[in-house]
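Text of the file entry_4.cif, holding mmCIF, C-alpha atoms:
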```cif
data_work
loop_
_atom_site.label_atom_id
_atom_site.label_comp_id
_atom_site.auth_asym_id
_atom_site.auth_seq_id
_atom_site.Cartn_x
_atom_site.Cartn_y
_atom_site.Cartn_z
CA GLY Q 1 0.00 0.00 0.00
CA SER Q 2 1.05 3.62 0.49
CA THR Q 3 3.16 2.65 3.50
CA GLN Q 4 5.16 0.17 1.39
CA GLU Q 5 5.68 2.73 -1.38
CA SER Q 6 6.70 5.33 1.20
CA LEU Q 7 9.27 2.94 2.69
CA GLU Q 8 10.66 2.15 -0.76
CA ARG Q 9 10.88 5.84 -1.61
CA MET Q 10 12.57 6.56 1.73
CA GLY Q 11 15.01 3.73 1.13
CA GLN Q 12 15.89 5.06 -2.36
CA GLU Q 13 16.30 8.62 -1.06
CA ALA Q 14 18.48 7.39 1.80
CA GLY Q 15 20.67 5.46 -0.63
CA VAL Q 16 21.10 8.53 -2.93
CA LYS Q 17 21.87 10.82 0.02
CA ALA Q 18 24.39 8.34 1.42
CA LYS Q 19 26.11 8.12 -1.99
CA VAL Q 20 26.23 11.92 -2.41
CA ALA Q 21 27.55 12.35 1.13
CA ASN Q 22 30.20 9.70 0.52
CA GLU Q 23 31.42 11.42 -2.67
CA ALA Q 24 31.49 14.80 -0.89
CA TYR Q 25 33.50 13.25 1.93
CA LYS Q 26 36.02 11.77 -0.52
CA ARG Q 27 36.37 15.15 -2.30
CA LEU Q 28 36.90 17.04 0.95
CA LEU Q 29 39.36 14.40 2.14
CA GLN Q 30 41.43 14.87 -1.05
CA GLN Q 31 41.43 18.64 -0.49
CA THR Q 32 42.48 18.14 3.13
CA ASN Q 33 45.34 15.83 2.20
CA SER Q 34 46.50 18.29 -0.49
CA MET Q 35 46.51 21.14 2.04
CA ARG Q 36 48.41 18.94 4.55
CA ARG Q 37 51.10 18.10 1.97
CA ASP Q 38 51.43 21.78 0.99
CA PHE Q 39 51.69 22.74 4.67
CA TYR Q 40 54.32 20.15 5.60
CA ASP Q 41 56.35 20.37 2.35
CA VAL Q 42 56.18 24.12 1.57
CA GLN Q 43 54.60 26.32 4.20
CA LEU Q 44 56.07 24.71 7.35
CA PRO Q 45 59.73 24.94 6.10
CA LYS Q 46 59.15 28.62 5.24
CA ILE Q 47 57.67 29.29 8.66
CA LEU Q 48 60.51 27.52 10.43
CA ALA Q 49 63.11 29.38 8.36
CA SER Q 50 61.44 32.68 9.21
CA VAL Q 51 61.30 31.78 12.89
CA MET Q 52 64.98 30.77 12.91
CA GLY Q 53 65.92 34.01 11.23
CA LEU Q 54 63.90 35.98 13.76
CA ILE Q 55 65.49 34.04 16.65
CA GLU Q 56 68.99 34.74 15.34
CA GLU Q 57 68.15 38.41 14.88
CA VAL Q 58 66.79 38.66 18.42
CA ASP Q 59 69.84 36.83 19.80
CA GLN Q 60 72.22 39.16 18.03
CA PHE Q 61 70.34 42.19 19.27
CA LEU Q 62 70.22 40.77 22.81
CA LYS Q 63 73.98 40.11 22.76
CA PHE Q 64 74.59 43.60 21.46
CA SER Q 65 72.31 45.13 24.14
CA LEU Q 66 73.92 43.09 26.91
CA GLY Q 67 77.39 44.03 25.70
CA LYS Q 68 76.41 47.68 25.57
CA TYR Q 69 74.88 47.36 29.05
CA ALA Q 70 78.06 45.67 30.33
CA TYR Q 71 80.24 48.38 28.83
CA THR Q 72 78.07 51.16 30.31
CA TYR Q 73 77.91 49.42 33.67
CA GLU Q 74 81.70 48.93 33.72
CA SER Q 75 82.31 52.56 32.86
CA ALA Q 76 79.83 53.76 35.46
CA ILE Q 77 81.18 51.75 38.37
CA LEU Q 78 84.80 51.33 37.62
CA ALA Q 79 85.35 50.62 41.23
CA ASP Q 80 83.50 47.36 40.90
CA ALA Q 81 85.33 46.31 37.75
CA ILE Q 82 86.30 43.09 39.43
CA THR Q 83 82.70 42.00 39.20
CA LEU Q 84 82.75 42.37 35.46
CA LYS Q 85 86.28 41.16 34.90
CA PRO Q 86 87.90 39.47 37.86
CA MET Q 87 91.59 39.55 38.21
CA ASP Q 88 93.57 36.67 36.79
CA GLY Q 89 93.69 33.77 39.21
CA ALA Q 90 90.41 34.65 40.97
CA GLY Q 91 88.75 31.51 39.49
CA LEU Q 92 85.40 33.16 38.91
CA PRO Q 93 83.93 34.17 35.53
CA GLY Q 94 83.04 37.77 35.08
CA MET Q 95 79.86 39.15 33.54
CA VAL Q 96 81.59 39.92 30.26
CA GLU Q 97 82.81 36.34 29.95
CA MET Q 98 79.37 34.97 30.83
CA ILE Q 99 77.73 37.08 28.13
CA GLY Q 100 80.37 36.03 25.64
CA GLU Q 101 79.73 32.37 26.33
CA ILE Q 102 76.06 32.59 25.37
CA ASP Q 103 75.39 30.11 22.45
CA SER Q 104 71.88 30.82 21.22
CA LYS Q 105 71.95 28.08 18.55
CA ALA Q 106 72.98 25.37 21.00
CA ASP Q 107 70.33 26.56 23.47
CA LEU Q 108 67.64 26.44 20.74
CA ASP Q 109 68.71 22.96 19.65
CA THR Q 110 68.54 21.74 23.25
CA TYR Q 111 65.08 23.22 23.67
CA LEU Q 112 63.77 21.74 20.41
CA MET Q 113 65.16 18.30 21.27
CA ALA Q 114 63.51 18.37 24.69
CA THR Q 115 60.20 19.48 23.16
CA ALA Q 116 60.34 16.77 20.49
CA LYS Q 117 61.13 14.13 23.12
CA HIS Q 118 58.05 14.96 25.19
CA GLY Q 119 55.73 15.94 22.37
CA GLY Q 120 56.30 12.96 20.03
CA ARG Q 121 56.73 12.88 16.28
CA ILE Q 122 54.28 14.49 13.91
CA ASN Q 123 52.58 12.07 11.53
CA ARG Q 124 52.98 13.67 8.13
CA ALA Q 125 51.37 10.84 6.19
CA SER Q 126 48.15 11.50 4.26
CA ILE Q 127 44.91 10.62 5.99
CA PRO Q 128 43.74 7.31 4.46
CA TYR Q 129 40.28 7.06 2.92
CA LYS Q 130 37.76 5.01 4.86
CA GLU Q 131 34.39 4.10 3.42
CA TYR Q 132 31.54 5.50 5.49
CA GLU Q 133 30.17 2.86 7.87
CA MET Q 134 26.40 3.14 7.95
CA SER Q 135 24.42 2.20 11.03
CA THR Q 136 22.43 -1.04 11.07
CA ILE Q 137 19.09 0.67 10.56
CA ALA Q 138 20.53 2.81 7.73
CA ARG Q 139 21.82 -0.32 5.96
CA LEU Q 140 18.41 -1.95 6.30
CA TYR Q 141 16.62 1.03 4.74
CA ALA Q 142 19.26 1.38 2.01
CA SER Q 143 19.24 -2.34 1.10
CA PRO Q 144 16.05 -3.99 2.42
CA LYS Q 145 15.68 -7.77 2.10
CA ARG Q 146 12.05 -7.82 1.08
CA ILE Q 147 9.97 -11.01 1.42
CA PHE Q 148 6.36 -9.91 0.93
CA GLY Q 149 5.30 -10.38 -2.66
CA VAL Q 150 8.68 -11.89 -3.56
CA PRO Q 151 8.70 -15.36 -5.22
CA LEU Q 152 9.49 -18.07 -2.69
CA ASP Q 153 12.43 -19.59 -4.58
CA ALA Q 154 14.04 -16.16 -5.13
CA GLN Q 155 13.95 -15.10 -1.46
CA LEU Q 156 15.15 -18.48 -0.16
CA GLU Q 157 18.06 -18.52 -2.61
CA ARG Q 158 18.98 -14.95 -1.64
CA ASP Q 159 18.76 -15.62 2.10
CA GLN Q 160 20.33 -19.11 1.93
CA GLN Q 161 17.39 -20.64 3.83
CA GLN Q 162 15.34 -23.83 3.44
CA VAL Q 163 12.18 -22.27 4.89
CA PRO Q 164 11.33 -18.52 5.09
CA LEU Q 165 12.44 -17.05 8.41
CA ILE Q 166 9.10 -15.33 8.86
CA ILE Q 167 7.34 -18.73 8.97
CA VAL Q 168 9.97 -20.20 11.30
CA LYS Q 169 9.89 -17.24 13.70
CA CYS Q 170 6.10 -16.90 13.74
CA ALA Q 171 5.63 -20.65 14.25
CA ASP Q 172 8.15 -20.64 17.11
CA ALA Q 173 6.36 -17.72 18.78
CA VAL Q 174 2.95 -19.38 18.46
CA GLU Q 175 4.26 -22.70 19.80
CA ALA Q 176 5.91 -20.91 22.73
CA PHE Q 177 3.09 -18.52 23.68
CA GLY Q 178 -0.12 -19.21 21.75
CA LEU Q 179 -0.96 -22.92 21.56
CA GLN Q 180 -3.63 -22.59 24.27
CA ASN Q 181 -5.10 -19.32 22.95
CA GLU Q 182 -8.69 -19.90 21.93
CA GLY Q 183 -9.22 -19.26 18.22
CA ILE Q 184 -5.51 -19.03 17.41
CA TYR Q 185 -5.12 -18.20 13.69
CA ARG Q 186 -8.89 -17.57 13.45
CA GLN Q 187 -8.67 -14.37 15.51
CA SER Q 188 -7.38 -11.24 13.80
CA GLY Q 189 -4.66 -8.98 15.18
CA GLN Q 190 -4.61 -5.19 15.28
CA SER Q 191 -4.20 -3.89 11.74
CA SER Q 192 -1.66 -1.22 12.71
CA GLN Q 193 0.49 -3.71 14.65
CA VAL Q 194 0.30 -6.34 11.91
CA ASN Q 195 1.41 -3.77 9.31
CA LYS Q 196 4.21 -2.57 11.62
CA LEU Q 197 5.41 -6.16 11.99
CA ARG Q 198 5.12 -6.69 8.25
CA ASN Q 199 7.34 -3.65 7.58
CA GLU Q 200 9.97 -4.94 10.01
CA PHE Q 201 10.03 -8.36 8.36
CA ASP Q 202 10.20 -6.68 4.94
CA LEU Q 203 13.40 -4.84 5.93
CA ASP Q 204 15.26 -7.89 7.25
CA ALA Q 205 13.50 -10.92 8.72
CA GLU Q 206 16.71 -12.04 10.38
CA VAL Q 207 16.80 -9.14 12.88
CA VAL Q 208 13.14 -9.40 13.95
CA ASP Q 209 12.79 -10.73 17.50
CA LEU Q 210 9.29 -12.00 18.26
CA GLN Q 211 10.18 -12.99 21.82
CA VAL Q 212 9.86 -9.42 23.14
CA ASN Q 213 6.79 -8.44 25.14
CA SER Q 214 5.47 -5.99 22.56
CA TYR Q 215 4.80 -8.92 20.19
CA ILE Q 216 3.84 -11.79 22.47
CA SER Q 217 1.40 -9.58 24.39
CA ASP Q 218 -0.99 -10.17 21.47
CA ILE Q 219 -0.03 -13.33 19.61
CA ASN Q 220 -2.77 -12.62 17.05
CA ASN Q 221 -0.54 -9.92 15.55
CA VAL Q 222 2.06 -12.61 14.89
CA THR Q 223 -0.43 -15.01 13.31
CA GLY Q 224 -1.86 -12.11 11.30
CA VAL Q 225 1.47 -11.26 9.67
CA LEU Q 226 2.10 -14.94 8.89
CA LYS Q 227 -1.27 -15.26 7.12
CA MET Q 228 -0.61 -11.98 5.28
CA TYR Q 229 2.75 -13.31 4.06
CA LEU Q 230 1.17 -16.51 2.73
CA ARG Q 231 -1.66 -14.58 1.04
CA GLU Q 232 0.79 -12.31 -0.79
CA LEU Q 233 3.12 -15.12 -1.86
CA PRO Q 234 3.18 -15.04 -5.70
CA GLY Q 235 1.42 -18.15 -7.04
CA GLY Q 236 0.53 -19.34 -3.53
CA LEU Q 237 2.44 -21.80 -1.39
CA ILE Q 238 1.03 -24.71 -3.43
CA PRO Q 239 1.98 -23.97 -7.08
CA VAL Q 240 -0.67 -23.75 -9.78
CA ALA Q 241 0.72 -26.87 -11.42
CA GLN Q 242 -0.44 -28.95 -8.45
CA HIS Q 243 -3.80 -27.18 -7.93
CA GLY Q 244 -5.77 -29.27 -10.41
CA VAL Q 245 -4.34 -32.57 -9.22
CA MET Q 246 -5.16 -31.90 -5.57
CA LEU Q 247 -8.61 -30.46 -6.24
CA SER Q 248 -9.49 -33.38 -8.49
CA TYR Q 249 -9.76 -35.63 -5.43
CA PHE Q 250 -12.58 -33.40 -4.17
CA PRO Q 251 -14.85 -32.75 -7.16
CA VAL Q 252 -17.61 -30.14 -7.09
CA GLU Q 253 -20.37 -32.76 -7.15
CA ASP Q 254 -18.90 -34.24 -3.96
CA LEU Q 255 -19.61 -31.04 -2.03
CA GLU Q 256 -22.70 -31.06 0.13
CA PRO Q 257 -25.34 -28.65 -1.22
CA GLY Q 258 -26.12 -25.47 0.65
CA VAL Q 259 -22.99 -25.53 2.81
CA ALA Q 260 -21.22 -22.18 3.06
CA ALA Q 261 -17.47 -21.88 3.43
CA SER Q 262 -17.71 -19.82 6.58
CA ALA Q 263 -16.63 -20.54 10.14
CA ASP Q 264 -20.27 -20.73 11.25
CA ALA Q 265 -20.98 -23.56 8.82
CA ALA Q 266 -17.67 -25.32 9.39
CA ALA Q 267 -19.25 -27.93 11.65
CA THR Q 268 -21.31 -29.25 8.74
CA MET Q 269 -18.28 -29.83 6.47
CA HIS Q 270 -17.64 -33.54 6.83
CA HIS Q 271 -17.37 -36.76 4.85
CA TYR Q 272 -14.37 -35.22 3.05
CA ASP Q 273 -12.84 -38.68 2.78
CA ARG Q 274 -15.67 -40.69 1.24
CA ASP Q 275 -14.34 -42.77 -1.56
CA GLN Q 276 -16.23 -41.93 -4.78
CA ASP Q 277 -14.29 -44.62 -6.60
CA LEU Q 278 -11.05 -43.61 -4.90
CA GLY Q 279 -9.97 -45.22 -1.64
CA LEU Q 280 -8.18 -43.43 1.15
CA ALA Q 281 -4.88 -45.05 0.18
CA GLN Q 282 -5.24 -43.75 -3.39
CA LYS Q 283 -5.89 -40.22 -2.14
CA ILE Q 284 -2.87 -40.33 0.14
CA SER Q 285 -0.72 -41.62 -2.71
CA GLY Q 286 -2.07 -38.95 -5.08
CA MET Q 287 -1.43 -36.15 -2.61
CA ALA Q 288 2.07 -37.48 -1.92
CA ASN Q 289 2.84 -37.52 -5.65
CA ALA Q 290 1.54 -33.97 -6.08
CA ILE Q 291 3.61 -32.66 -3.16
CA ARG Q 292 6.68 -34.59 -4.35
CA SER Q 293 6.44 -32.86 -7.74
CA MET Q 294 6.53 -29.39 -6.15
CA PRO Q 295 9.72 -27.30 -6.33
CA PRO Q 296 11.86 -27.93 -3.21
CA PRO Q 297 11.23 -24.44 -1.71
CA ASN Q 298 7.45 -24.96 -1.83
CA ARG Q 299 7.62 -28.58 -0.67
CA ASN Q 300 9.92 -27.81 2.28
CA THR Q 301 7.91 -24.78 3.36
CA LEU Q 302 4.59 -26.65 3.10
CA ALA Q 303 5.98 -29.53 5.18
CA TYR Q 304 7.20 -27.11 7.86
CA LEU Q 305 3.89 -25.20 7.97
CA LEU Q 306 1.78 -28.39 8.20
CA ALA Q 307 3.99 -29.78 10.97
CA HIS Q 308 3.38 -26.54 12.87
CA LEU Q 309 -0.39 -26.68 12.29
CA ASP Q 310 -0.36 -30.27 13.48
CA LYS Q 311 1.06 -29.04 16.79
CA VAL Q 312 -1.65 -26.38 16.94
CA GLN Q 313 -4.47 -28.88 16.46
CA ALA Q 314 -2.91 -31.12 19.13
CA PHE Q 315 -4.06 -28.45 21.62
CA GLN Q 316 -7.59 -28.19 20.18
CA GLU Q 317 -9.02 -28.92 23.62
CA PHE Q 318 -7.80 -25.46 24.62
CA ASN Q 319 -7.63 -23.45 21.39
CA MET Q 320 -10.72 -24.93 19.67
CA MET Q 321 -8.76 -25.17 16.42
CA ASN Q 322 -9.06 -28.68 14.97
CA SER Q 323 -8.03 -29.63 11.45
CA GLU Q 324 -11.40 -28.54 10.08
CA ASN Q 325 -11.16 -25.03 11.51
CA LEU Q 326 -7.51 -24.68 10.51
CA SER Q 327 -8.32 -25.79 6.97
CA ILE Q 328 -11.00 -23.09 6.68
CA VAL Q 329 -8.37 -20.48 7.63
CA PHE Q 330 -5.44 -21.80 5.60
CA GLY Q 331 -7.18 -23.49 2.64
CA PRO Q 332 -7.77 -20.34 0.59
CA THR Q 333 -4.41 -18.96 1.77
CA ILE Q 334 -2.06 -21.72 0.63
CA LEU Q 335 -4.31 -22.99 -2.20
CA PRO Q 336 -5.77 -19.77 -3.69
CA ALA Q 337 -9.02 -19.79 -5.61
CA GLY Q 338 -9.02 -19.55 -9.39
CA ASN Q 339 -9.53 -16.39 -11.43
CA ASN Q 340 -13.23 -17.03 -12.07
CA PRO Q 341 -15.28 -15.08 -9.45
CA ALA Q 342 -18.30 -17.30 -10.11
CA ASN Q 343 -16.40 -20.34 -8.83
CA ALA Q 344 -14.68 -18.57 -5.93
CA ALA Q 345 -16.99 -19.90 -3.21
CA VAL Q 346 -16.72 -23.47 -4.48
CA ASP Q 347 -12.94 -23.19 -4.87
CA ILE Q 348 -12.63 -22.00 -1.26
CA ARG Q 349 -14.56 -25.02 0.01
CA ARG Q 350 -12.53 -27.43 -2.12
CA SER Q 351 -9.26 -25.81 -0.97
CA ALA Q 352 -10.33 -26.24 2.64
CA LYS Q 353 -11.07 -29.94 2.00
CA VAL Q 354 -7.63 -30.44 0.44
CA VAL Q 355 -5.81 -28.79 3.35
CA ARG Q 356 -7.88 -30.69 5.91
CA PHE Q 357 -7.17 -34.01 4.21
CA ILE Q 358 -3.42 -33.33 4.06
CA LEU Q 359 -3.39 -32.17 7.68
CA ASP Q 360 -5.33 -35.20 8.94
CA ASN Q 361 -3.09 -37.57 6.97
CA ARG Q 362 0.15 -35.57 7.18
CA ARG Q 363 2.39 -38.33 8.45
CA ALA Q 364 1.18 -40.91 5.96
CA ILE Q 365 1.47 -38.47 3.04
CA PHE Q 366 4.93 -37.18 3.85
CA ASP Q 367 6.21 -40.66 4.73
CA ALA Q 368 5.26 -41.64 1.17
CA ILE Q 369 7.19 -38.75 -0.39
#
```

Could you rewrite the structure in this file as structure tokens?
Amino acid sequence: GSTQESLERMGQEAGVKAKVANEAYKRLLQQTNSMRRDFYDVQLPKILASVMGLIEEVDQFLKFSLGKYAYTYESAILADAITLKPMDGAGLPGMVEMIGEIDSKADLDTYLMATAKHGGRINRASIPYKEYEMSTIARLYASPKRIFGVPLDAQLERDQQQVPLIIVKCADAVEAFGLQNEGIYRQSGQSSQVNKLRNEFDLDAEVVDLQVNSYISDINNVTGVLKMYLRELPGGLIPVAQHGVMLSYFPVEDLEPGVAASADAAATMHHYDRDQDLGLAQKISGMANAIRSMPPPNRNTLAYLLAHLDKVQAFQEFNMMNSENLSIVFGPTILPAGNNPANAAVDIRRSAKVVRFILDNRRAIFDAI
């Protein structure tokens, strides 16, 4: 719907913005490295040369001023000349000798060496380029791993899975928290929460955690998103090639007249296994052959889903969901009706009969595959 289109548009915009920002970063990094090289190779030597020249000029002026001061001081207080120039043999240096021994270059070198020792070496190498590391949520929006409306074989091959993670995670949540919930799978969840959960699965099913309280507080939201996924699966979980074969075991004339395909009339849907020239063993063999001929992704997923529903009906004393009720819910979902609206009601009833038969005889059918 509009939410899906909005998410796709947001994902595309985020990808474009990330690419533009990355190129701008690379361009600015090149400019920075160029300025660093110019600074270290050209500007810094000029600055240091200027500073050295200034230091030498200051030193020369200081020596000149001190010499002039010493000369003036010596002339002014001739009586204290010994202070400036002691007599030979006194063993003490005079002020004139001390000033003459000043070595400004050696003092500067000593200072620079001490500063370098404590300050460390400057790294003049260019700053290396690093590709921008997007956050987890940004990566999901930029490259979503969509599953809704995506062909089953394509998503399983992409995700390297045998069964879609959404079915595995939803089934695990139901088996952990919902087996005793009355009307499980028949009850509907909150539309807003189901759509929120759908969007999360459509970004990356692997990161969705259904064990948190916000999901298990209403397990119907989990079952709702699972049914939505199966409804939107292109071609249905049971491929079209196997539709006719499976439905042929439950012909239209075998349906009881006047029975609606609703939950209220579910109790009257029975005798699904009467022979009509085909024994139970033949039906089991025919269903096994049809399932065996399915593509592996569909066959594996169907087997996993039916094993889960078998666990659900094992708790029918609590959840009121026997094979008949489950088949009414999942029949039209995994075995969609044909394109003819006039036959839709009949197709729904026949689909429910197929699913109920497979569910009631699951072990025998899959043992024969």

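Proximity to Leu179 (chain Q) was assessed for Q:Ile219, Q:Met294, Q:Ser65, Q:Leu210 counting all atoms listed in the file; the smallest distance is recorded for Q:Ile219.
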
Write out as a ChimeraX atom specification the residues lying within 10 Å of Asp59 (chain Q), counting all atoms listed in the file and excluding same-chain residues fewer than 5 positions away. /Q:53-54,64-65,102-105

Taking 4 positions as the minimum chain separation for residues in the same chain, which residues sit within 10 Å of Leu29 (chain Q) when counting all atoms listed in the file? Answer as a PyMOL selection string. chain Q and resi 23-25+33-35+126-130

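When the PyMOL selection byres ((chain Q and resi 318) around 12) is evaluated on the file shown here, the picked residues come out as Q:Gly178, Q:Leu179, Q:Gln180, Q:Asn181, Q:Glu182, Q:Gly183, Q:Ile184, Q:Val312, Q:Gln313, Q:Ala314, Q:Phe315, Q:Gln316, Q:Glu317, Q:Asn319, Q:Met320, Q:Met321, Q:Asn322.
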
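Within 7 Å of region 194-202 of chain Q, once all atoms listed in the file are used and residues closer than 4 positions along the same chain are dropped, the contacting residues are Pro144, Lys145, Arg146, Ile147, Phe148, Gly189, Gln190, Val208, Asn221, Gly224 and Val225 of chain Q.
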
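Across the model, the gap from CA of Tyr69 (chain Q) to CA of Glu97 (chain Q) is 13.6 Å.
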
Could you tell me how far CA of Thr333 (chain Q) sits from CA of Tyr229 (chain Q), in Å to one decimal place? 9.4 Å

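Minimum atom-to-atom distance to Lys169 (chain Q), evaluated using all atoms listed in the file, belongs to Q:Leu226 out of Q:Leu112, Q:Ile55, Q:Leu226, Q:Ala337.
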
The distance between CA of Asp159 (chain Q) and CA of Glu5 (chain Q) is 22.8 Å

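Distance check against Lys283 (chain Q) using all atoms listed in the file: of Q:Ser323, Q:Gln30, Q:Gln60, Q:Ser248, the minimum falls on Q:Ser248.
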
Please tell me which residues are no farther than 10 Å from (8.0, -26.0, 6.2) in the file, counting all atoms listed in the file, and write them as JSON, numbers by chain. {"Q": [162, 163, 164, 167, 168, 171, 297, 298, 299, 300, 301, 302, 303, 304, 305, 306, 307, 308]}
